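Novice: I'd like to ask you about the structure that follows.
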Amino acid sequence: MKKLSARRRHPLAAVVVLLLALAATGGLYAAFAPASKAQADETAQSLAIDEGKKLYAVGCASCHGSGGQGSSDGPSLVGVGAAAVDFQVGTGRMPAQQPGAQVPKKKVIYSQAEIDQLAAFIASLGAGPTIPTESQVSPEGADIAKGGELFRTNCAQCHNFTGKGGALTHGKFAPSLEGVDPKHIYEAMQTGPQNMPSFPDTTLTEKNKKDIIAYLDAVNSDETVDPGGLSLGGLGPVSEGLFGWVFGLGSLVAVAIWVAARTAKAKKS
């Protein structure tokens, strides 16, 4: 009888076994459960930075330094942000073929995935402007009239009032904005590439930039009706006035000569 009583389980033994089983199950789940979204994003970002660093070492380090510190051939990239990389590389301006007064737009040699990796690496060197989202550059809900006012005040002096571009000093120029990706227009305003001043959110708000993009989309769209007739490429009143002066005045002179010749001929006869 004593042996049987010794083998009898304690009333709380089942509870203890259940708790141990739950603890073991929880430990296994913690060990084998999929990583959280935040952890996955962090891992993906780290991989992007590593791949971007490799691309940078091959295509950028010779001018901008191994750590982005800059050199006599290229400025420092510390703090320029992902937006600057997406603009410069995404428009083909970088890597530059040769030094000059201004690096022109050319064929893009990197894929968008590689551009994103380069941007991730440069962004890791120091905080800077980020790549805008689709909602930030979409013309939906924008004030086109306000955008035109802002563009004429801040941009038309160089880019012309419809964004056709124009010449600057010492071989520099303001490029045409016709057909430019809205994302790149936003990034240019944020970062101020080459000869262009930057317009951070403290100068032009996110809404202001959206309005300007909507204005450029409206004036350069194929569906836009120009009630003024021939616009000579939208180059403005100087070129149109010169056209009127040269050809208009020339036509009047030609008519006057013709009339005088006819009159002289009539008198002789």
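Simple scheme: letters A, B, ... for chains in structure tokens order, numbers from 1 for residues in each chain, numbers from 1 for ligands in the order shown.
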Might you pull out every residue within 10 Å of His184 in chain A, with only C-alpha atoms counted and same-chain residues fewer than 6 positions away left off, and present them as a ChimeraX atom specification?

Specialist: /A:83-84,86-88,90-91,131-132,137,177,190

Novice: Quick check for you: according to DSSP on this backbone, which residues of range 72-268 of chain A are classed as strand (DSSP E)? Reply as JSON, numbers by chain.

Specialist: {"A": [166, 167, 173, 174]}

Novice: Take the selection from the previous step and output its residues with C-alpha atoms, as an mmCIF file, in the first residue's frame.

Specialist:
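As a result, part_25.cif now contains:
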data_model
loop_
_atom_site.group_PDB
_atom_site.id
_atom_site.type_symbol
_atom_site.label_atom_id
_atom_site.label_comp_id
_atom_site.auth_asym_id
_atom_site.auth_seq_id
_atom_site.Cartn_x
_atom_site.Cartn_y
_atom_site.Cartn_z
ATOM 1 C CA GLY A 166 17.446 77.978 -72.141
ATOM 2 C CA ALA A 167 21.114 78.970 -72.254
ATOM 3 C CA PHE A 173 22.225 75.598 -69.719
ATOM 4 C CA ALA A 174 18.827 74.935 -68.192
#

Novice: So that I can check the secondary structure, give me every residue of range 40-265 of chain A assigned helix (DSSP H, G or I) by backbone DSSP, as an NGL selection string.

Specialist: :A and (40-59 or 61-64 or 81-90 or 112-125 or 134-137 or 144-154 or 156-159 or 182-191 or 206-219 or 232-234 or 237-265)

Novice: Using 12 Å as the limit and counting only C-alpha atoms, can you tabulate each residue of range 71-101 of chain A that touches range 194-217 of chain A, with its shortest atom-to-atom distance in Å and the two atoms involved, as a tab-separated table?

Specialist:
residue	atom	partner	partner_atom	distance
A:Gly74	CA	A:Gln194	CA	11.8
A:Pro75	CA	A:Gln194	CA	10.8
A:Val80	CA	A:Ser198	CA	11.5
A:Ala84	CA	A:Gln194	CA	10.7
A:Phe87	CA	A:Gln194	CA	11.4
A:Gln88	CA	A:Gln194	CA	9.8
A:Arg93	CA	A:Gln194	CA	10.4
A:Met94	CA	A:Gln194	CA	11.7
A:Gly100	CA	A:Gln194	CA	11.2
A:Ala101	CA	A:Gln194	CA	9.3

Novice: Find the spatial neighbours of Ala120 in chain A, counting only C-alpha atoms, within a cut-off of 9 Å - ignore same-chain residues fewer than 2 positions away - and output them as a tab-separated table (two decimals) with N, CA, C and O atoms, in the first residue's frame.

Specialist:
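This is the output file around_7.tsv:
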chain	number	residue	atom	x	y	z
A	45	GLN	N	17.13	45.99	-46.60
A	45	GLN	CA	17.86	47.26	-46.70
A	45	GLN	C	19.36	47.03	-46.58
A	45	GLN	O	20.15	47.63	-47.32
A	46	SER	N	19.75	46.15	-45.66
A	46	SER	CA	21.18	45.84	-45.50
A	46	SER	C	21.75	45.20	-46.76
A	46	SER	O	22.87	45.53	-47.18
A	48	ALA	N	20.57	45.62	-49.80
A	48	ALA	CA	20.61	46.67	-50.82
A	48	ALA	C	21.83	47.56	-50.65
A	48	ALA	O	22.50	47.93	-51.62
A	49	ILE	N	22.16	47.90	-49.41
A	49	ILE	CA	23.33	48.73	-49.13
A	49	ILE	C	24.61	48.01	-49.55
A	49	ILE	O	25.51	48.60	-50.17
A	50	ASP	N	24.70	46.71	-49.24
A	50	ASP	CA	25.89	45.93	-49.60
A	50	ASP	C	26.06	45.86	-51.12
A	50	ASP	O	27.17	46.04	-51.65
A	52	GLY	N	24.75	47.97	-53.29
A	52	GLY	CA	25.03	49.32	-53.75
A	52	GLY	C	26.48	49.71	-53.55
A	52	GLY	O	27.07	50.41	-54.39
A	53	LYS	N	27.06	49.26	-52.47
A	53	LYS	CA	28.47	49.55	-52.21
A	53	LYS	C	29.36	48.93	-53.27
A	53	LYS	O	30.36	49.54	-53.71
A	81	GLY	N	21.70	62.29	-50.08
A	81	GLY	CA	20.45	61.56	-50.01
A	81	GLY	C	20.17	60.68	-51.21
A	81	GLY	O	20.82	60.79	-52.26
A	82	ALA	N	19.17	59.82	-51.06
A	82	ALA	CA	18.81	58.88	-52.12
A	82	ALA	C	18.22	59.59	-53.32
A	82	ALA	O	18.37	59.15	-54.46
A	115	ILE	N	19.89	51.21	-59.43
A	115	ILE	CA	19.83	52.60	-58.97
A	115	ILE	C	19.36	52.66	-57.52
A	115	ILE	O	19.89	53.42	-56.71
A	116	ASP	N	18.35	51.85	-57.20
A	116	ASP	CA	17.85	51.80	-55.83
A	116	ASP	C	18.93	51.33	-54.86
A	116	ASP	O	19.03	51.82	-53.73
A	117	GLN	N	19.74	50.38	-55.29
A	117	GLN	CA	20.82	49.88	-54.43
A	117	GLN	C	21.90	50.95	-54.23
A	117	GLN	O	22.38	51.15	-53.11
A	118	LEU	N	22.25	51.64	-55.30
A	118	LEU	CA	23.21	52.74	-55.17
A	118	LEU	C	22.67	53.83	-54.24
A	118	LEU	O	23.40	54.36	-53.39
A	122	ILE	N	24.35	55.30	-50.72
A	122	ILE	CA	24.67	56.72	-50.52
A	122	ILE	C	23.86	57.27	-49.34
A	122	ILE	O	24.37	58.07	-48.55
A	123	ALA	N	22.61	56.85	-49.22
A	123	ALA	CA	21.78	57.32	-48.10
A	123	ALA	C	22.34	56.86	-46.76
A	123	ALA	O	22.17	57.54	-45.74
A	124	SER	N	23.04	55.71	-46.77
A	124	SER	CA	23.62	55.20	-45.51
A	124	SER	C	24.82	56.03	-45.06
A	124	SER	O	25.23	55.95	-43.90

Novice: Grab the CA of Gln39 in chain A to CA of Leu55 in chain A distance for me, in Å with one decimal place.

Specialist: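 Between CA of Gln39 in chain A and CA of Leu55 in chain A the gap works out to 24.5 Å.
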
Novice: Which is closer to His64 in chain A than all the others in A:Leu168, A:Ile257, A:Leu77, A:Ala218, using only C-alpha atoms?

Specialist: A:Leu77

Novice: Just give me the gap between CA of Arg152 in chain A and CA of Phe247 in chain A in Å, one decimal is fine.

Specialist: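 Computing the Euclidean distance for CA of Arg152 in chain A and CA of Phe247 in chain A yields 29.1 Å.
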
Novice: Suppose you want the space between CA of Asn220 in chain A and CA of Gly179 in chain A; what is it in Å?

Specialist: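 Calculated distance between CA of Asn220 in chain A and CA of Gly179 in chain A is 7.8 Å.
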